[in-house]
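J.: Data file run.cif (mmCIF, C-alpha atoms and all ligand atoms) is appended below.
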data_my_file
#
loop_
_atom_site.label_atom_id
_atom_site.label_comp_id
_atom_site.auth_asym_id
_atom_site.auth_seq_id
_atom_site.Cartn_x
_atom_site.Cartn_y
_atom_site.Cartn_z
CA GLN C 1 29.29 12.73 26.50
CA ALA C 2 26.94 11.48 23.81
CA LYS C 3 25.13 14.00 21.71
CA ALA C 4 21.40 13.50 22.08
CA ALA C 5 19.50 13.00 18.84
CA GLY C 6 16.80 15.60 19.23
CA ARG C 7 13.38 14.32 19.99
CA ASN C 8 14.27 10.67 19.59
CA ALA C 9 16.48 10.87 22.65
CA PHE C 10 19.11 8.42 21.69
CA CYS C 11 22.57 9.05 20.47
CA LEU C 12 23.36 10.03 16.92
CA PHE C 13 27.12 10.05 16.98
CA SER C 14 28.65 9.40 20.37
CA PRO C 15 32.44 9.65 20.65
CA ALA C 16 32.35 5.90 21.30
CA LEU C 17 30.55 5.29 18.03
CA GLN C 18 32.93 7.61 16.25
CA GLU C 19 35.66 5.34 17.55
CA VAL C 20 33.89 2.26 16.19
CA ILE C 21 33.56 3.98 12.84
CA ASP C 22 37.18 5.09 12.82
CA THR C 23 38.45 1.61 13.50
CA ARG C 24 36.15 0.09 10.90
CA SER C 25 36.99 2.87 8.45
CA SER C 26 33.40 3.75 7.66
CA LEU C 27 29.88 3.66 8.95
CA GLU C 28 29.14 1.20 6.19
CA ALA C 29 31.83 -1.19 7.38
CA ALA C 30 30.55 -0.86 10.93
CA LEU C 31 27.05 -1.70 9.71
CA ARG C 32 28.28 -4.70 7.79
CA HIS C 33 30.14 -5.88 10.85
CA GLY C 34 27.00 -5.32 12.92
CA LEU C 35 24.93 -7.50 10.62
CA ASN C 36 27.34 -10.36 11.11
CA ARG C 37 27.45 -9.81 14.84
CA ALA C 38 23.71 -9.59 15.54
CA GLU C 39 23.94 -6.00 16.75
CA PHE C 40 20.48 -5.18 15.41
CA GLN C 41 17.17 -5.61 17.10
CA LEU C 42 13.59 -4.63 16.58
CA TYR C 43 11.66 -2.40 18.91
CA TYR C 44 7.90 -2.49 18.74
CA GLN C 45 5.63 0.52 19.15
CA PRO C 46 1.94 -0.16 19.84
CA GLN C 47 -0.86 1.10 17.62
CA PHE C 48 -4.35 1.70 19.00
CA SER C 49 -7.75 2.12 17.46
CA LEU C 50 -10.73 3.70 19.17
CA ASP C 51 -12.86 0.82 18.01
CA HIS C 52 -10.61 -2.15 18.78
CA GLY C 53 -8.03 -1.00 21.33
CA LEU C 54 -4.55 -2.40 20.72
CA ILE C 55 -4.38 -3.50 17.08
CA GLY C 56 -0.69 -4.09 16.55
CA ALA C 57 2.75 -2.59 16.43
CA GLU C 58 5.25 -0.97 14.14
CA ALA C 59 8.63 -2.70 14.14
CA LEU C 60 11.46 -0.16 14.35
CA LEU C 61 15.06 -1.08 13.78
CA ARG C 62 17.70 -0.40 16.45
CA TRP C 63 21.43 -0.73 16.15
CA SER C 64 23.73 -0.98 19.16
CA PRO C 65 27.29 -1.32 17.93
CA GLY C 66 29.32 -3.23 20.51
CA GLN C 67 28.40 -1.99 23.96
CA HIS C 68 27.49 1.45 22.68
CA PRO C 69 24.06 3.07 22.94
CA SER C 70 21.62 2.81 20.04
CA VAL C 71 22.29 4.67 16.84
CA SER C 72 19.26 6.30 15.26
CA PRO C 73 17.90 4.63 12.11
CA ALA C 74 17.69 8.16 10.72
CA VAL C 75 21.52 7.95 10.59
CA PHE C 76 22.15 4.42 9.44
CA ILE C 77 19.19 3.65 7.16
CA PRO C 78 20.35 6.15 4.50
CA VAL C 79 23.85 4.63 4.62
CA ALA C 80 22.42 1.12 4.44
CA GLU C 81 20.33 2.18 1.44
CA GLU C 82 23.25 3.72 -0.40
CA SER C 83 25.50 0.74 0.16
CA GLY C 84 22.90 -1.87 -0.66
CA LEU C 85 23.17 -3.33 2.84
CA ILE C 86 19.51 -2.45 3.29
CA LEU C 87 18.67 -5.60 1.34
CA ARG C 88 20.15 -7.91 3.96
CA LEU C 89 18.98 -5.67 6.76
CA GLY C 90 15.46 -5.47 5.36
CA GLN C 91 15.39 -9.21 4.89
CA TRP C 92 16.40 -9.69 8.51
CA VAL C 93 13.67 -7.27 9.64
CA MET C 94 11.03 -9.11 7.65
CA HIS C 95 12.05 -12.51 9.02
CA SER C 96 12.23 -11.29 12.61
CA ALA C 97 8.82 -9.63 12.37
CA CYS C 98 7.30 -12.80 10.88
CA GLU C 99 8.82 -14.90 13.66
CA GLN C 100 7.31 -12.52 16.18
CA LEU C 101 3.91 -12.87 14.51
CA VAL C 102 4.15 -16.64 14.90
CA ARG C 103 4.92 -16.28 18.62
CA TRP C 104 2.00 -13.89 18.99
CA ALA C 105 -0.30 -16.27 17.13
CA GLN C 106 0.16 -18.80 19.93
CA GLN C 107 -1.34 -16.50 22.58
CA PRO C 108 -5.05 -15.56 22.67
CA LEU C 109 -4.27 -12.01 23.82
CA THR C 110 -1.93 -11.28 20.91
CA ARG C 111 -3.30 -13.56 18.22
CA ASP C 112 -5.03 -10.82 16.22
CA LEU C 113 -2.30 -8.20 16.42
CA LYS C 114 -0.50 -7.15 13.27
CA ILE C 115 3.05 -6.00 12.74
CA ALA C 116 3.98 -3.21 10.36
CA ILE C 117 7.49 -3.11 8.94
CA ASN C 118 9.18 -0.30 7.01
CA VAL C 119 10.27 -1.18 3.50
CA SER C 120 12.83 0.99 1.77
CA ALA C 121 12.60 1.97 -1.89
CA ARG C 122 15.64 -0.05 -2.85
CA GLN C 123 14.23 -3.13 -1.16
CA PHE C 124 10.81 -2.81 -2.76
CA HIS C 125 12.17 -2.27 -6.25
CA ARG C 126 14.19 -5.47 -6.27
CA PRO C 127 12.64 -7.74 -8.91
CA ASP C 128 12.37 -10.58 -6.40
CA PHE C 129 10.79 -8.56 -3.59
CA ALA C 130 7.36 -10.21 -3.81
CA ALA C 131 9.02 -13.63 -3.80
CA ARG C 132 11.02 -12.65 -0.73
CA VAL C 133 7.88 -11.63 1.11
CA ARG C 134 6.26 -14.93 0.21
CA SER C 135 9.23 -16.98 1.31
CA ALA C 136 9.55 -15.12 4.62
CA LEU C 137 5.89 -15.93 5.30
CA GLU C 138 6.27 -19.54 4.25
CA ALA C 139 9.52 -20.15 6.09
CA THR C 140 8.12 -18.82 9.35
CA GLY C 141 4.48 -19.82 8.99
CA ALA C 142 3.31 -16.29 9.78
CA ASN C 143 -0.25 -15.31 8.92
CA PRO C 144 0.08 -12.95 5.92
CA SER C 145 -2.93 -10.91 6.97
CA ARG C 146 -1.06 -9.88 10.12
CA LEU C 147 1.85 -8.42 8.17
CA GLN C 148 1.67 -4.82 6.99
CA LEU C 149 4.25 -3.18 4.76
CA GLU C 150 4.88 0.54 5.17
CA LEU C 151 5.97 2.30 2.01
CA THR C 152 6.90 5.95 1.71
CA GLU C 153 6.05 8.15 -1.20
CA SER C 154 9.66 7.89 -2.36
CA VAL C 155 8.96 4.22 -3.15
CA VAL C 156 6.06 5.04 -5.41
CA LEU C 157 7.54 8.15 -6.97
CA GLU C 158 8.33 6.50 -10.29
CA LYS C 159 6.85 3.75 -12.41
CA VAL C 160 3.52 3.80 -10.64
CA GLY C 161 2.20 1.07 -12.91
CA GLU C 162 4.92 -1.35 -11.87
CA VAL C 163 4.53 -0.41 -8.23
CA VAL C 164 0.79 -1.07 -8.38
CA GLU C 165 1.35 -4.43 -10.03
CA ARG C 166 3.89 -5.48 -7.40
CA MET C 167 1.65 -4.34 -4.57
CA GLN C 168 -1.22 -6.34 -6.01
CA GLN C 169 0.96 -9.44 -6.23
CA ILE C 170 1.86 -9.08 -2.56
CA ARG C 171 -1.67 -8.24 -1.51
CA GLN C 172 -2.82 -11.49 -3.06
CA LEU C 173 -0.82 -13.21 -0.35
CA GLY C 174 -3.00 -11.39 2.19
CA VAL C 175 -0.40 -8.80 3.20
CA THR C 176 -1.61 -5.21 3.65
CA PHE C 177 -0.02 -1.86 2.81
CA SER C 178 0.33 1.48 4.53
CA LEU C 179 1.60 4.72 3.02
CA ASP C 180 4.00 6.16 5.61
CA ASP C 181 4.80 9.83 6.25
CA PHE C 182 1.81 10.79 4.17
CA GLY C 183 1.65 14.41 3.10
CA THR C 184 5.40 15.03 3.02
CA GLY C 185 6.00 13.75 -0.52
CA PHE C 186 4.75 15.02 -3.84
CA SER C 187 1.70 14.31 -5.94
CA SER C 188 0.13 12.52 -3.03
CA LEU C 189 -3.37 12.67 -4.37
CA SER C 190 -2.73 11.24 -7.80
CA TYR C 191 -0.96 8.26 -6.20
CA LEU C 192 -3.64 7.74 -3.64
CA LYS C 193 -6.29 6.85 -6.17
CA GLN C 194 -4.04 4.35 -7.97
CA LEU C 195 -2.27 2.50 -5.19
CA PRO C 196 -3.91 -0.56 -3.61
CA LEU C 197 -3.47 0.68 -0.03
CA ASP C 198 -5.14 -0.30 3.21
CA GLN C 199 -3.91 2.51 5.41
CA ILE C 200 -2.37 5.95 5.23
CA LYS C 201 -0.21 7.32 8.00
CA ILE C 202 -0.41 11.04 8.65
CA ASP C 203 3.15 12.26 9.00
CA GLN C 204 4.13 13.18 12.52
CA SER C 205 5.22 16.67 11.49
CA PHE C 206 1.56 17.60 10.96
CA VAL C 207 0.55 16.05 14.27
CA HIS C 208 3.37 17.81 16.07
CA ASP C 209 2.08 21.29 15.27
CA LEU C 210 -1.57 20.41 15.24
CA MET C 211 -2.52 22.55 18.23
CA SER C 212 -0.53 25.62 17.24
CA SER C 213 -0.85 25.70 13.48
CA GLY C 214 -4.16 26.23 11.75
CA ASN C 215 -2.56 25.09 8.50
CA ASP C 216 -1.43 21.78 9.95
CA ALA C 217 -4.85 21.25 11.46
CA ALA C 218 -6.45 21.92 8.10
CA ILE C 219 -4.09 19.48 6.38
CA VAL C 220 -4.76 16.75 8.92
CA ARG C 221 -8.49 17.28 8.59
CA ALA C 222 -8.24 17.01 4.82
CA ILE C 223 -6.08 13.87 4.93
CA VAL C 224 -8.51 12.15 7.28
CA ALA C 225 -11.45 13.08 5.07
CA ILE C 226 -9.77 11.90 1.86
CA GLY C 227 -8.50 8.69 3.40
CA ARG C 228 -11.81 7.78 4.88
CA SER C 229 -13.74 8.55 1.73
CA LEU C 230 -11.36 6.29 -0.19
CA GLY C 231 -12.10 3.55 2.33
CA LEU C 232 -8.61 3.60 3.86
CA GLN C 233 -7.72 3.33 7.50
CA VAL C 234 -6.12 6.60 8.63
CA ILE C 235 -3.55 6.47 11.42
CA ALA C 236 -1.88 9.44 13.06
CA GLU C 237 1.73 8.91 14.09
CA GLY C 238 3.72 10.91 16.61
CA VAL C 239 0.83 11.53 18.99
CA GLU C 240 2.46 12.95 22.11
CA THR C 241 -0.24 14.83 24.00
CA GLN C 242 -3.77 14.26 25.17
CA ASP C 243 -4.80 17.49 23.41
CA GLN C 244 -3.58 16.13 20.09
CA LEU C 245 -5.42 12.88 20.67
CA VAL C 246 -8.68 14.64 21.46
CA TYR C 247 -8.32 16.98 18.50
CA LEU C 248 -7.51 14.12 16.11
CA THR C 249 -10.51 12.22 17.41
CA SER C 250 -12.73 15.22 16.78
CA MET C 251 -11.45 15.16 13.18
CA ASP C 252 -12.64 11.57 12.92
CA CYS C 253 -9.17 10.04 13.01
CA ARG C 254 -9.59 6.75 14.89
CA VAL C 255 -6.20 5.05 14.91
CA PHE C 256 -3.09 6.29 16.71
CA GLN C 257 0.56 5.69 17.39
CA GLY C 258 2.84 7.84 19.52
CA TYR C 259 4.70 8.36 22.75
CA LEU C 260 1.48 9.35 24.55
CA LEU C 261 0.12 5.85 24.03
CA GLY C 262 3.32 3.85 24.07
CA ARG C 263 6.98 4.15 23.14
CA PRO C 264 8.82 1.62 21.04
CA VAL C 265 10.08 -1.21 23.29
CA PRO C 266 12.07 -4.38 22.73
CA MET C 267 9.81 -7.43 22.75
CA ARG C 268 11.18 -8.59 26.12
CA ASP C 269 9.59 -5.44 27.65
CA TRP C 270 6.36 -5.63 25.69
CA GLN C 271 4.32 -7.39 28.35
CA SER C 272 5.35 -5.10 31.21
CA ALA C 273 4.89 -2.02 29.03
CA TRP C 274 1.41 -3.24 28.09
CA HIS C 275 0.15 -2.57 31.61
CA ASN C 276 1.15 1.08 31.36
CA TRP C 277 -0.43 1.77 28.01
CA GLN C 278 -3.47 3.92 28.20
CA GLN C 279 -6.14 3.03 25.70
CA PRO C 280 -7.29 6.06 23.74
CA GLU C 281 -10.83 7.12 24.57
CA THR C 282 -13.35 9.20 22.75
CA PRO C 283 -14.30 12.44 24.50
CA GLN C 284 -17.67 10.82 25.29
CA GLY C 285 -15.95 8.08 27.25
CA LYS C 286 -14.38 4.71 26.82
CA VAL C 287 -15.08 2.79 23.67
CA GLY C 288 -15.45 -0.96 23.22
P1 LIG Z 1 8.88 6.05 10.56
O1 LIG Z 1 8.59 4.77 9.87
O2 LIG Z 1 8.05 7.21 10.16
O3 LIG Z 1 8.73 5.72 12.11
C1 LIG Z 1 8.23 6.60 13.07
C2 LIG Z 1 9.33 7.22 13.87
O4 LIG Z 1 8.78 8.11 14.84
C3 LIG Z 1 10.16 6.23 14.69
O5 LIG Z 1 11.47 6.76 14.77
C4 LIG Z 1 9.49 6.29 16.07
O6 LIG Z 1 10.33 5.87 17.11
C5 LIG Z 1 9.18 7.76 16.14
N1 LIG Z 1 8.06 8.07 17.02
C6 LIG Z 1 7.03 7.29 17.38
N2 LIG Z 1 6.17 7.97 18.18
C7 LIG Z 1 6.68 9.20 18.33
C8 LIG Z 1 6.25 10.35 19.05
O7 LIG Z 1 5.22 10.38 19.71
N3 LIG Z 1 7.05 11.46 18.96
C9 LIG Z 1 8.19 11.47 18.22
N4 LIG Z 1 8.90 12.60 18.21
N5 LIG Z 1 8.62 10.40 17.54
C10 LIG Z 1 7.87 9.28 17.58
P2 LIG Z 1 12.74 5.83 14.59
O8 LIG Z 1 12.50 4.52 15.27
O9 LIG Z 1 13.92 6.64 14.97
O10 LIG Z 1 12.77 5.55 13.02
C11 LIG Z 1 13.01 6.59 12.12
C12 LIG Z 1 12.77 6.16 10.71
O11 LIG Z 1 13.73 5.16 10.32
C13 LIG Z 1 11.42 5.50 10.49
O12 LIG Z 1 10.42 6.48 10.36
C14 LIG Z 1 11.68 4.73 9.22
O13 LIG Z 1 11.56 5.58 8.10
C15 LIG Z 1 13.13 4.33 9.38
N6 LIG Z 1 13.17 2.93 9.84
C16 LIG Z 1 13.07 2.42 11.08
N7 LIG Z 1 13.15 1.07 11.08
C17 LIG Z 1 13.30 0.71 9.79
C18 LIG Z 1 13.45 -0.56 9.10
O14 LIG Z 1 13.39 -1.65 9.69
N8 LIG Z 1 13.60 -0.50 7.74
C19 LIG Z 1 13.62 0.68 7.04
N9 LIG Z 1 13.78 0.63 5.72
N10 LIG Z 1 13.48 1.86 7.65
C20 LIG Z 1 13.32 1.88 9.00
MG MG Z 2 7.00 3.68 9.48
MG MG Z 3 6.31 7.69 9.53
MG MG Z 4 9.42 9.03 9.12
#
Would you put the structure from the file into structure tokens?
T.:
Amino acid sequence: QAKAAGRNAFCLFSPALQEVIDTRSSLEAALRHGLNRAEFQLYYQPQFSLDHGLIGAEALLRWSPGQHPSVSPAVFIPVAEESGLILRLGQWVMHSACEQLVRWAQQPLTRDLKIAINVSARQFHRPDFAARVRSALEATGANPSRLQLELTESVVLEKVGEVVERMQQIRQLGVTFSLDDFGTGFSSLSYLKQLPLDQIKIDQSFVHDLMSSGNDAAIVRAIVAIGRSLGLQVIAEGVETQDQLVYLTSMDCRVFQGYLLGRPVPMRDWQSAWHNWQQPETPQGKVG
């Protein structure tokens, strides 16, 4: 019986996966094998704004070794980072997301949607990262303004000057940036004023305890206020309940992502899932 991976509800280390790992001698070898065997795919989780409805999706990596159930990225991303495999994996993610943007661009209903991808520190700090972004866009023909890169504070922890310069290079292409898991790192505020960001993402841990913890509510309120006064879009991730949504809205947060609104789905299920998504509404009623 597979061990469930907490709130993400897929398996961390099933006996079957353990078997795969044993025969391949390490998780790293299994990952490498998986890259060559197309065992990875992207799931897409919708993002909604009160003002514009569905605005896009975050691409989230899934790995299904052989016939086994998905392994959580929380397990394999750290291994991929340590081994350097994240470079190939990240490159694959970027290309796949760009190809998806091109398919979306051909349909009126999806033409304006953006896709956010997660970029790991190791990937971002490669000297040729900006060139790789450019060539992924050029090779696929994706509209750069539809691509958003999510960085975590660990990416920007050192050499802020170099990070800023690289971000500016990439932004000149038209690509936008989001700061993921905001509030969980250090020195958040001093980075915020320096980094050329478009969006900050309130970490889901604050959203999770929003209704029960006055401290978390205070932090969320402060993040929204700071982000908005710096002219950044503020998105709350991990929104699971209507109460959280209403509370966040009352704090002037206007963009959301979470199971309440839509779970991550493979693109083949996107259209059927679409019909079940409930647009967020302001307490006063439906917006735009
Ligand atoms: P993240 O970027 O902060 O992504 C949000 C995570 O929260 C995702 O987990 C998503 O499935 C989950 N989530 C979304 N809504 C809810 C909700 O309402 N409740 C709860 N409890 N969870 C929710 P996932 O897909 O397991 O990804 C975990 C982390 O793995 C990501 O965190 C990201 O840091 C990393 N990751 C995923 N895909 C990639 C990738 O392509 N490249 C890199 N470098 N990292 C990735
Ligand atoms: Mg993310
Ligand atoms: Mg996050
Ligand atoms: Mg996270």
J.: Can I get the residues of chain C within 7 Å of ligand LIG 1 (chain Z), each with the closest pair of atoms and their distance in Å to one decimal, using all atoms listed in the file, sorted chain first then ascending number, as JSON lines?
T.:
{"residue": "C:Arg7", "atom": "CA", "partner": "Z:LIG1", "partner_atom": "N4", "distance": 5.1}
{"residue": "C:Asn8", "atom": "CA", "partner": "Z:LIG1", "partner_atom": "N4", "distance": 5.9}
{"residue": "C:Ala59", "atom": "CA", "partner": "Z:LIG1", "partner_atom": "O14", "distance": 6.6}
{"residue": "C:Leu60", "atom": "CA", "partner": "Z:LIG1", "partner_atom": "N7", "distance": 3.9}
{"residue": "C:Leu61", "atom": "CA", "partner": "Z:LIG1", "partner_atom": "N7", "distance": 3.9}
{"residue": "C:Ser72", "atom": "CA", "partner": "Z:LIG1", "partner_atom": "O9", "distance": 5.4}
{"residue": "C:Pro73", "atom": "CA", "partner": "Z:LIG1", "partner_atom": "O11", "distance": 4.6}
{"residue": "C:Ala74", "atom": "CA", "partner": "Z:LIG1", "partner_atom": "O11", "distance": 5.0}
{"residue": "C:Ile77", "atom": "CA", "partner": "Z:LIG1", "partner_atom": "N10", "distance": 6.0}
{"residue": "C:Ile86", "atom": "CA", "partner": "Z:LIG1", "partner_atom": "N9", "distance": 6.9}
{"residue": "C:Gly90", "atom": "CA", "partner": "Z:LIG1", "partner_atom": "N8", "distance": 5.8}
{"residue": "C:Val93", "atom": "CA", "partner": "Z:LIG1", "partner_atom": "O14", "distance": 5.6}
{"residue": "C:Ile117", "atom": "CA", "partner": "Z:LIG1", "partner_atom": "O14", "distance": 6.1}
{"residue": "C:Asn118", "atom": "CA", "partner": "Z:LIG1", "partner_atom": "N8", "distance": 4.5}
{"residue": "C:Val119", "atom": "CA", "partner": "Z:LIG1", "partner_atom": "N9", "distance": 4.5}
{"residue": "C:Ser120", "atom": "CA", "partner": "Z:LIG1", "partner_atom": "N9", "distance": 4.1}
{"residue": "C:Asp180", "atom": "CA", "partner": "Z:LIG1", "partner_atom": "O2", "distance": 6.2}
{"residue": "C:Asp181", "atom": "CA", "partner": "Z:LIG1", "partner_atom": "O2", "distance": 5.7}
{"residue": "C:Glu237", "atom": "CA", "partner": "Z:LIG1", "partner_atom": "N2", "distance": 6.1}
{"residue": "C:Gly238", "atom": "CA", "partner": "Z:LIG1", "partner_atom": "O7", "distance": 3.5}
{"residue": "C:Val239", "atom": "CA", "partner": "Z:LIG1", "partner_atom": "O7", "distance": 4.6}
{"residue": "C:Glu240", "atom": "CA", "partner": "Z:LIG1", "partner_atom": "O7", "distance": 4.5}
{"residue": "C:Gln257", "atom": "CA", "partner": "Z:LIG1", "partner_atom": "N2", "distance": 6.1}
{"residue": "C:Gly258", "atom": "CA", "partner": "Z:LIG1", "partner_atom": "O7", "distance": 3.5}
{"residue": "C:Tyr259", "atom": "CA", "partner": "Z:LIG1", "partner_atom": "O7", "distance": 3.7}
{"residue": "C:Leu260", "atom": "CA", "partner": "Z:LIG1", "partner_atom": "O7", "distance": 6.2}
{"residue": "C:Arg263", "atom": "CA", "partner": "Z:LIG1", "partner_atom": "N2", "distance": 6.3}
{"residue": "C:Pro264", "atom": "CA", "partner": "Z:LIG1", "partner_atom": "O6", "distance": 6.0}
J.: Tell me which of C:Gly174, C:Val164, C:Gly185, C:His208 sits closest to Arg134 of chain C, counting only C-alpha atoms.
T.: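 Looking only at the distances to Arg134 of chain C, the closest residue turns out to be C:Gly174.
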J.: Closest to Glu82 of chain C among C:Cys253, C:Ala116, C:Ala121, C:Leu173, using only C-alpha atoms?
T.: C:Ala121
J.: Work out how far atom CA of Ser205 of chain C is from atom CA of Gly262 of chain C, in Å to one decimal.
T.: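 Value for the atom CA of Gly262 of chain C-atom CA of Ser205 of chain C distance: 18.1 Å.
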J.: Could you check which of C:Leu189, C:Leu151, C:Val234, C:Met211 is closest to ligand MG 2 (chain Z), using all atoms listed in the file?
T.: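 Closest to ligand MG 2 (chain Z) of all the choices is C:Leu151.
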J.: Rank C:Val207, C:Ile170, C:Leu31, C:Leu54 by their smallest atom-to-atom distance to Pro144 of chain C, using only C-alpha atoms, and report the top residue only.
T.: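 Checking each candidate against Pro144 of chain C, we get C:Ile170 as the closest.
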